Structures are given as structure tokens and as C-alpha cells.
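Student: Sharing a structure, written as C-alpha cells. Questions coming.
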Amino acid sequence: MPDQISIGLMGLGVVGVSVANAIDAKAEVIKARVGCPVVVSRALVRDIGAVRSNLRNSVELTTDPDIILNDPEIAIIVELMGGEQPTLDYINQAISNGKHVVTANKEVLAKHGPELFKAAADKGVMVRFEASVGGGIPIIGPLMNDLAANDFTAVNAVINGTTNYMLTRMASDSNLDYQMVLKEARDRGYAEADPSADVDGIDAAFKLGILASIAFHCTVRDTEVFREGIRRLSPADFAYASELGYTIKLLATARRTHGRIQARVHPAFLPEDHPLAKVDGVYNAVELEGDLVDSAMFQGPGAGAEPTTSAVLADIMAEAHSIANGERLPVHMSDNNGLVVEPIDDLETKYYLRLRVYDRPGVLAQITTVFGDLEVSLASFIQKEVGELGDVAEVVITTYVAKESAVQEAVRQLEALDSVSEVSNLVRIEEQSASLARGGQPKREGD
Ligand SMILES: NC(=O)c1ccc[n+]([C@@H]2O[C@H](COP(=O)([O-])OP(=O)(O)OC[C@H]3O[C@@H](n4cnc5c(N)ncnc54)[C@H](OP(=O)(O)O)[C@@H]3O)[C@@H](O)[C@H]2O)c1
């Protein structure tokens with residue numbers, strides 16, 4: 001048993017400071033669980049002089065990564081800097097120097113996970129990353145360990161708090177448009193000055209790639225995840241969604257289907273009784289469907305200093321316990337069964353379309369002919385006069401299950417019609433959920 005286990009912290013921002021403080025504040029509990037003390041010996045920052053008034057750990061700061069990465073006393077590198085570079089280089093250097101790694105960095109894992117895990121396996125070191133998806137929600141651990149006996153068929157998630165806050169606000173107040181809720185999210189500190197990573201679904205695609213890779217034992221790169229953001233959603237979409245019995249969420253979903261993987265992030269109409277429809281505000285949730293567990297739902301705070309610290313610290317304690325007791329935890333995500341991601345064109349689901357059309361005789365017949373010729377069956381058709389638009393009317397269509405390629409072709413043909421002013425939006429309707437199919441009841445009656 002070592003006298004103590006030393007940590008090198010790379011990054012001392014929102015999460016880094018909280019982790020450093022918690023290691024100090026919980027020193028006795030950590031020592032009891034691990035078997036020896038765990039201390040933060042050094043922390044990497046960009047600016048040593050920056051005021052860190054909430055830092056209560058007297059850790060030594062440095063701007064030189066090599067001082068931490070080459071320190072033989074440091075056993076675990078805790079990477080909390082974020083971003084792809086220079087972070088990736090630092091993690092690789094840590095692994096090749098024989099150090100164990102804990103990281104909260106979804107971008108590095110989504111883009112370079114398989115290579116990092118291979119390097120770690122070759123070197124016999126651990127890489128843990130619970131905080132990279134869902135902040136404080138335990139999801140990597142359950143997928144890898146507690147539910148490891150399952151063949152997973154689906155991962156359905158709301159995994160971006162910023163967009164979930166914005167969509168929840170738009171659903172609750174019909175006077176709010178996209179720009180207004182974005183400003184509100186920025187004022188509350190939920191959205192960055194450049195919100196693209198959140199509103200364009202980039203952050204959610206990183207996280208879904210990580211979850212799908214673990215669930216389906218394959219490599220799902222972030223670039224293979226189909227991605228569409230929330231910028232086109234308008235108050236009208238929320239009004240129609242509610243009229244039709246749906247809630248709009250930025251859905252991240254991965255599904256094993258026909259021997260391939262579907263992986264997509266996009267706004268979706270969810271039935272109001274879908275388990276994810278009730279996840280509001282900055283909360284995140286992940287629903288897993290497995291052959292043994294059936295459906296299991298994990299919900300909680302998807303970000304924030306303390307929830308994220310909860311996940312990072314648990315990873316640190318697990319690694320420290322293994323080191324102290326001479327065990328080796330498995331290196332994650334290192335298997336690959338070769339399943340590939342199917343193109344979005346092959347998706348089959350239901351669709352909602354909102355169009356603006358010139359109020360002329362025959363226009364509705366033209367629209368239905370376009371869908372009919374492409375063998376897309378329409379489930380509902382709503383036409384509304386829009387007072388302020390002169391001779392333009394709004395038409396809302398929902399389809400039965402149809403192929404994405406056919407619906408996209410229909411959009412192209414509709415846009416070419418003289419009688420159609422614009423196709424204002426197309427949103428996929430998602431009704432697949434194991435628990436939803438049974439009205440939220442478990443598969444078997446039990447005790
Ligand atoms: N915040 C959350 O709620 C949350 C939730 C889940 C996961 N995460 C993940 O946790 C990680 C950290 O997030 P955060 O919110 O704590 O970020 P943050 O507040 O921006 O902190 C980043 C820290 O890294 C340091 N840093 C960045 N680039 C550096 C470089 N090139 N060299 C040296 N130091 C550098 C910064 O130094 P200075 O202090 O000198 O600027 C700062 O201390 C990210 O991967 C993020 O995705 C965060």
C-alpha cells in the first residue's frame with residue numbers, strides 16, 4: 001500500500017477547482033475508501049496570476065505541462081482542460097509515461113477514443129471518463145459494468161442541457177422565439193458566446209458517439225453521427241407539436257437495426273408520454289434498451305461543477321483504489337465488432353412538415369401527389385390561414401413511417417412547386433421507446 005497517491009490536475013477552471021476542493025474536503029472519506037490518502041500535488045493552468053477566489057486547495061500551480069507529465073510521483077493525470085488540442089497530446093504523453101488518466105473530455109474521446117484506449121491497454125494503464133457524458137449522471141459505469149450482460153438495442157437520450165433549457169422555455173411560452181431563448185440561456189450562463197457546439201448538436205454528437213461505441217461494442221465516430229441542430233425551430237412548430245400531442249426535444253439516439261447502427265442527433269417530436277418528453281430544463285436523461293434489463297432510465301444534472309465533480313471524483317477513487325491494491329481495472333471501449341453506421345437516407349420514421357403555400361385552387365392536390373408518387377403516406381393534414389401573410393396559408397403534414405430518402409425527395413419537389421412558398425421545417429417524429437410501447441409499464445409483472 002503506497003503512503004499516498006498523487007494526482008496531477010490539468011485544468012483548474014469550473015470543474016478543476018471543484019474537484020481540487022472536493023479532494024481536500026473529502027480527504028478522510030477518500031482515504032477510507034481507497035486505503036491511503038489521495039492528494040493533488042500540482043495543477044496546470046494558462047495563467048498562474050488569475051484570481052481563483054473559490055479555490056480552497058493549496059495545490060502548486062504551473063504553466064508547464066511537462067512538470068506534471070514527467071513527475072514520477074504523480075500516478076493519475078486528471079484532465080479537465082477540455083478541447084481537442086493540446087489536450088490529446090497531453091493525454092497521450094501521460095499514457096506513454098505510464099500514468100493513469102481520468103478525463104471529462106467528450107471531444108477527445110469521441111474523436112480519438114479507440115486509439116487512446118489501445119495505447120492505454122498496451123501500457124497497462126487505466127482511462128476513466130464517467131464525466132464526459134451526462135455530467136453527474138452515472139451512465140458510462142452502468143453501460144460498462146452493471147448492465148454489461150445486456151445486448152443493447154437502443155440508447156435514447158437528451159444529453160445537452162443548454163438546448164434542453166431553450167426548448168423547454170419555447171414549449172412553455174409561445175411568445176419566445178429561438179433568438180430570445182438563446183439570449184436568456186446566455187444570461188443564465190447556460191450558453192456560450194458562440195453557442196454552435198450546443199445548438200448545432202455537436203456536443204450531443206460527441207456524447208452519443210461515446211455511448212453508442214460502448215453500448216454496441218463498435219466505433220461510432222462523432223463524424224458518423226447524423227446531426228441537425230435546433231436553429232430552425234420556431235414558436236409555430238411548438239404550437240403544432242402541442243396540438244398534435246408531442247413535445248420537441250433535441251434527441252440523441254442510437255439504435256441497432258438490420259445489422260447496422262443508426263446514430264443521429266436532431267430535433268424530434270416525442271409523444272407527450274415518452275420518458276424523455278418529461279426531462280425539462282438543464283436536466284439530461286439517457287434511456288437504455290437491453291435484452292435483459294428491458295428499459296432503464298438514468299436522469300440527473302448533465303453539467304455543473306459539483307455534479308461533474310461527483311463523476312470525476314468517483315473515477316479518481318476507483319483508479320486510486322486499484323493502484324493502492326495492485327489491481328487493474330479493464331480499459332474501456334477497446335473492443336470492436338465491426339458494426340457500421342447506416343446512412344441517414346435509410347432511416348424509416350414518421351415526419352412532420354410545415355409549409356407555406358399560396359392560397360390557390362389545386363395546391364393541396366399537388367402536394368398530395370408529390371407524396372403519393374414517392375409512396376409516402378400522409379397521416380394528417382392541417383391547413384391554417386395565416387392572417388399577416390396575405391394569400392399565403394400554412395400547411396402542416398404528418399406522415400406514417402416513411403423512408404428518409406423519399407421524404408427528402410418530397411421536400412425537394414415541394415420546394416420546386418410554384419404553389420409552395422417555402423418548406424419551413426421538417427422534424428422527425430420519434431415514437432420508438434421500449435417503455436413507451438408498453439405505456440410506461442415494465443415488461444413483466446413482478447413483485
Ligand atoms: N463545466 C461543466 O459543467 C462540465 C460538465 C461535464 C464535462 N465538462 C468537461 O470538463 C472539462 C473542463 O470544463 P470546465 O467547464 O471546467 O472548463 P473551464 O472552466 O474552461 O476550465 C478549463 C481550465 O483548463 C485550463 N486550460 C485550458 N487550456 C489550457 C492549456 N492549453 N494549457 C493550460 N491550461 C489550460 C484553463 O486555464 P486558465 O484557468 O488559466 O484559463 C482552465 O483552468 C471539459 O472537457 C468539459 O467538456 C464540463
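Following the order of the C-alpha cells, first chain is A, next is B, and so on, with residues numbered from 1 inside each chain and ligands from 1 in the order they appear.
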As a PyMOL selection string, please: the residues near segment 140-152 of chain A (cut-off 6 Å, only C-alpha atoms, same-chain neighbours under 4 positions excluded).
Tutor: chain A and resi 130+215+289-292
Student: Store the residues picked out above in a file with N, CA, C and O atoms, as an mmCIF file, in the first residue's frame.
Tutor:
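Final output, saved to out38.cif:
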```
data_model
loop_
_atom_site.group_PDB
_atom_site.id
_atom_site.type_symbol
_atom_site.label_atom_id
_atom_site.label_comp_id
_atom_site.auth_asym_id
_atom_site.auth_seq_id
_atom_site.Cartn_x
_atom_site.Cartn_y
_atom_site.Cartn_z
ATOM 1 N N GLU A 130 -16.197 8.893 -16.806
ATOM 2 C CA GLU A 130 -17.631 8.956 -16.481
ATOM 3 C C GLU A 130 -18.210 10.349 -16.734
ATOM 4 O O GLU A 130 -19.353 10.497 -17.179
ATOM 5 N N ALA A 215 -22.126 0.891 -26.002
ATOM 6 C CA ALA A 215 -23.326 0.039 -25.987
ATOM 7 C C ALA A 215 -23.256 -1.046 -27.044
ATOM 8 O O ALA A 215 -23.645 -2.185 -26.793
ATOM 9 N N GLU A 289 -31.990 0.524 -23.784
ATOM 10 C CA GLU A 289 -32.828 -0.657 -24.010
ATOM 11 C C GLU A 289 -31.907 -1.850 -24.203
ATOM 12 O O GLU A 289 -31.053 -1.853 -25.102
ATOM 13 N N GLY A 290 -32.068 -2.849 -23.322
ATOM 14 C CA GLY A 290 -31.234 -4.040 -23.405
ATOM 15 C C GLY A 290 -32.092 -5.282 -23.310
ATOM 16 O O GLY A 290 -33.214 -5.230 -22.788
ATOM 17 N N ASP A 291 -31.568 -6.426 -23.807
ATOM 18 C CA ASP A 291 -32.410 -7.622 -23.854
ATOM 19 C C ASP A 291 -32.768 -8.126 -22.459
ATOM 20 O O ASP A 291 -33.852 -8.665 -22.257
ATOM 21 N N LEU A 292 -31.882 -7.944 -21.479
ATOM 22 C CA LEU A 292 -32.187 -8.445 -20.136
ATOM 23 C C LEU A 292 -32.876 -7.399 -19.269
ATOM 24 O O LEU A 292 -33.876 -7.670 -18.626
#
```
Student: Contacts between ligand 1 and chain A, please, where a residue of chain A counts if it comes within 6 Å (with only C-alpha atoms and all ligand atoms); show its shortest atom pair and distance in Å to one decimal, rows by chain and ascending number, as a tab-separated table.
Tutor:
```
residue	atom	partner	partner_atom_place_in_ligand_line	distance
A:Gly11	CA	ligand 1	24 (O)	3.3
A:Leu12	CA	ligand 1	43 (O)	3.4
A:Gly13	CA	ligand 1	21 (O)	3.2
A:Val14	CA	ligand 1	16 (O)	3.7
A:Val15	CA	ligand 1	16 (O)	3.7
A:Gly16	CA	ligand 1	16 (O)	5.4
A:Leu44	CA	ligand 1	34 (N)	5.4
A:Val45	CA	ligand 1	34 (N)	3.8
A:Arg46	CA	ligand 1	40 (O)	3.5
A:Asp47	CA	ligand 1	40 (O)	4.0
A:Leu80	CA	ligand 1	12 (C)	4.2
A:Met81	CA	ligand 1	24 (O)	3.4
A:Gly82	CA	ligand 1	45 (O)	3.2
A:Pro86	CA	ligand 1	31 (N)	5.9
A:Ala104	CA	ligand 1	9 (C)	4.6
A:Asn105	CA	ligand 1	45 (O)	3.6
A:Ala131	CA	ligand 1	6 (C)	5.5
A:Ser132	CA	ligand 1	7 (C)	5.2
A:Gly135	CA	ligand 1	6 (C)	4.4
A:Ala303	CA	ligand 1	3 (O)	3.7
A:Gly304	CA	ligand 1	3 (O)	3.5
A:Ala305	CA	ligand 1	3 (O)	5.2
A:Thr308	CA	ligand 1	5 (C)	5.3
```
Student: Please produce a file of the residues just selected, as a tab-separated table (two decimals), in the first residue's frame, where the atoms kept are N, CA and C atoms.
Tutor:
```
chain	number	residue	atom	x	y	z
A	11	GLY	N	-5.85	21.66	-15.78
A	11	GLY	CA	-7.04	22.49	-15.90
A	11	GLY	C	-7.62	22.77	-14.53
A	12	LEU	N	-7.76	24.05	-14.24
A	12	LEU	CA	-8.28	24.45	-12.93
A	12	LEU	C	-9.38	25.50	-13.14
A	13	GLY	N	-10.35	25.12	-13.95
A	13	GLY	CA	-11.48	26.01	-14.24
A	13	GLY	C	-12.68	25.61	-13.39
A	14	VAL	N	-13.86	25.67	-13.99
A	14	VAL	CA	-15.10	25.40	-13.26
A	14	VAL	C	-15.04	24.03	-12.58
A	15	VAL	N	-14.71	23.00	-13.34
A	15	VAL	CA	-14.70	21.64	-12.78
A	15	VAL	C	-13.41	21.39	-12.00
A	16	GLY	N	-12.28	21.86	-12.55
A	16	GLY	CA	-10.99	21.60	-11.88
A	16	GLY	C	-10.95	22.12	-10.46
A	44	LEU	N	-2.10	22.30	-13.68
A	44	LEU	CA	-1.71	23.07	-14.86
A	44	LEU	C	-2.76	24.12	-15.17
A	45	VAL	N	-2.31	25.37	-15.37
A	45	VAL	CA	-3.21	26.45	-15.79
A	45	VAL	C	-2.52	27.24	-16.90
A	46	ARG	N	-3.28	28.13	-17.54
A	46	ARG	CA	-2.65	29.01	-18.54
A	46	ARG	C	-2.08	30.24	-17.88
A	47	ASP	N	-2.78	30.71	-16.84
A	47	ASP	CA	-2.40	31.98	-16.23
A	47	ASP	C	-2.32	31.78	-14.71
A	80	LEU	N	-8.85	18.15	-17.11
A	80	LEU	CA	-10.08	18.96	-17.05
A	80	LEU	C	-9.88	20.29	-17.76
A	81	MET	N	-9.15	20.22	-18.89
A	81	MET	CA	-8.91	21.42	-19.69
A	81	MET	C	-9.97	21.58	-20.76
A	82	GLY	N	-10.36	20.46	-21.36
A	82	GLY	CA	-11.32	20.50	-22.47
A	82	GLY	C	-10.63	20.75	-23.80
A	86	PRO	N	-4.19	21.29	-26.91
A	86	PRO	CA	-3.14	20.28	-26.81
A	86	PRO	C	-3.51	19.09	-25.93
A	104	ALA	N	-12.78	14.31	-18.41
A	104	ALA	CA	-14.20	14.65	-18.62
A	104	ALA	C	-14.40	15.13	-20.05
A	105	ASN	N	-13.42	14.83	-20.93
A	105	ASN	CA	-13.34	15.47	-22.24
A	105	ASN	C	-14.03	14.66	-23.34
A	131	ALA	N	-17.44	11.41	-16.44
A	131	ALA	CA	-17.98	12.78	-16.54
A	131	ALA	C	-18.11	13.27	-17.98
A	132	SER	N	-17.60	12.50	-18.94
A	132	SER	CA	-17.63	13.00	-20.32
A	132	SER	C	-19.04	13.00	-20.91
A	135	GLY	N	-22.60	14.63	-17.33
A	135	GLY	CA	-22.16	15.27	-16.08
A	135	GLY	C	-22.25	14.36	-14.89
A	303	ALA	N	-24.64	18.76	-16.19
A	303	ALA	CA	-23.45	19.62	-16.14
A	303	ALA	C	-23.45	20.32	-14.79
A	304	GLY	N	-22.48	21.24	-14.63
A	304	GLY	CA	-22.35	21.96	-13.37
A	304	GLY	C	-21.14	21.43	-12.61
A	305	ALA	N	-20.51	22.32	-11.86
A	305	ALA	CA	-19.25	21.98	-11.19
A	305	ALA	C	-19.41	20.77	-10.27
A	308	THR	N	-20.52	17.31	-11.91
A	308	THR	CA	-19.42	16.77	-12.71
A	308	THR	C	-18.31	16.27	-11.79
```
Student: Which neighbours of segment 64-71 of chain A fall inside 8 Å, counting only C-alpha atoms, when residues of the same chain fewer than 3 positions from it are skipped, and could you give them as a tab-separated table (two decimals) with all heavy atoms, in the first residue's frame?
Tutor:
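Okay, selection05.tsv is ready:
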```tsv
chain	number	residue	atom	x	y	z
A	8	GLY	N	-2.01	14.75	-10.70
A	8	GLY	CA	-1.69	15.96	-11.45
A	8	GLY	C	-2.94	16.43	-12.14
A	8	GLY	O	-3.54	15.69	-12.92
A	10	MET	N	-4.83	18.75	-14.72
A	10	MET	CA	-4.58	19.59	-15.89
A	10	MET	C	-5.85	20.37	-16.16
A	10	MET	O	-6.83	19.82	-16.67
A	10	MET	CB	-4.15	18.75	-17.08
A	10	MET	CG	-2.96	17.87	-16.75
A	10	MET	SD	-2.13	17.16	-18.18
A	10	MET	CE	-0.85	18.36	-18.50
A	42	ARG	N	-0.03	18.88	-8.12
A	42	ARG	CA	0.22	20.03	-9.00
A	42	ARG	C	-0.97	20.23	-9.92
A	42	ARG	O	-1.67	19.28	-10.27
A	42	ARG	CB	1.44	19.78	-9.89
A	42	ARG	CG	2.76	19.89	-9.17
A	42	ARG	CD	3.87	20.11	-10.19
A	42	ARG	NE	5.09	20.48	-9.53
A	42	ARG	CZ	6.05	19.64	-9.20
A	42	ARG	NH1	5.91	18.36	-9.45
A	42	ARG	NH2	7.15	20.07	-8.61
A	43	ALA	N	-1.15	21.49	-10.36
A	43	ALA	CA	-2.24	21.77	-11.32
A	43	ALA	C	-1.71	22.66	-12.44
A	43	ALA	O	-0.97	23.62	-12.20
A	43	ALA	CB	-3.41	22.46	-10.62
A	44	LEU	N	-2.10	22.30	-13.68
A	44	LEU	CA	-1.71	23.07	-14.86
A	44	LEU	C	-2.76	24.12	-15.17
A	44	LEU	O	-3.96	23.82	-15.22
A	44	LEU	CB	-1.59	22.13	-16.06
A	44	LEU	CG	-1.22	22.80	-17.39
A	44	LEU	CD1	0.26	23.18	-17.40
A	44	LEU	CD2	-1.55	21.91	-18.58
A	74	ILE	N	3.65	11.45	-9.62
A	74	ILE	CA	2.23	11.56	-10.00
A	74	ILE	C	1.78	10.27	-10.68
A	74	ILE	O	2.35	9.84	-11.67
A	74	ILE	CB	2.01	12.78	-10.92
A	74	ILE	CG1	2.16	14.06	-10.09
A	74	ILE	CG2	0.63	12.73	-11.58
A	74	ILE	CD1	2.01	15.36	-10.87
A	77	ILE	N	-3.26	11.34	-13.92
A	77	ILE	CA	-3.47	12.65	-14.55
A	77	ILE	C	-4.97	12.85	-14.68
A	77	ILE	O	-5.67	12.01	-15.27
A	77	ILE	CB	-2.83	12.70	-15.97
A	77	ILE	CG1	-1.30	12.56	-15.88
A	77	ILE	CG2	-3.23	13.97	-16.71
A	77	ILE	CD1	-0.59	13.73	-15.25
A	90	TYR	N	-1.34	15.77	-24.47
A	90	TYR	CA	-1.02	15.59	-23.04
A	90	TYR	C	-1.49	14.22	-22.55
A	90	TYR	O	-0.79	13.54	-21.80
A	90	TYR	CB	-1.67	16.69	-22.18
A	90	TYR	CG	-1.17	18.10	-22.46
A	90	TYR	CD1	-1.82	19.20	-21.91
A	90	TYR	CD2	-0.05	18.33	-23.25
A	90	TYR	CE1	-1.38	20.50	-22.15
A	90	TYR	CE2	0.40	19.63	-23.50
A	90	TYR	CZ	-0.28	20.71	-22.95
A	90	TYR	OH	0.16	21.98	-23.18
A	93	GLN	N	0.82	11.62	-23.89
A	93	GLN	CA	2.10	11.65	-23.17
A	93	GLN	C	1.95	11.03	-21.78
A	93	GLN	O	2.82	10.29	-21.32
A	93	GLN	CB	2.57	13.10	-23.06
A	93	GLN	CG	4.07	13.23	-22.77
A	93	GLN	CD	4.49	14.69	-22.68
A	93	GLN	OE1	3.92	15.56	-23.35
A	93	GLN	NE2	5.48	14.96	-21.85
A	94	ALA	N	0.82	11.33	-21.13
A	94	ALA	CA	0.58	10.75	-19.80
A	94	ALA	C	0.57	9.23	-19.89
A	94	ALA	O	1.22	8.52	-19.10
A	94	ALA	CB	-0.75	11.26	-19.24
A	97	ASN	N	3.90	7.75	-20.47
A	97	ASN	CA	4.73	7.83	-19.26
A	97	ASN	C	4.21	6.90	-18.15
A	97	ASN	O	4.66	6.98	-17.01
A	97	ASN	CB	4.76	9.26	-18.73
A	97	ASN	CG	5.63	10.17	-19.60
A	97	ASN	OD1	6.24	9.70	-20.56
A	97	ASN	ND2	5.68	11.45	-19.28
```
Student: Once DSSP has gone over the backbone, tell me which residues of segment 224-318 of chain A are in strand (DSSP E), as a ChimeraX atom specification.
Tutor: /A:226-227,246-257,260-271,283-290,294-301
Student: Which residue out of A:Arg231, A:Arg128, A:Arg256, A:Arg428 has the minimum interatomic distance to Ala268 of chain A when only C-alpha atoms are used?
Tutor: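 The shortest atom-to-atom distance to Ala268 of chain A comes from A:Arg428.
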Student: For each of A:Ile230, A:Ala402, A:Ala252, A:Ala32, take the minimum atom-to-atom distance to Leu276 of chain A, counting only C-alpha atoms, then give the residue where this is smallest.
Tutor: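 Closest to Leu276 of chain A, using only C-alpha atoms: A:Ala252.
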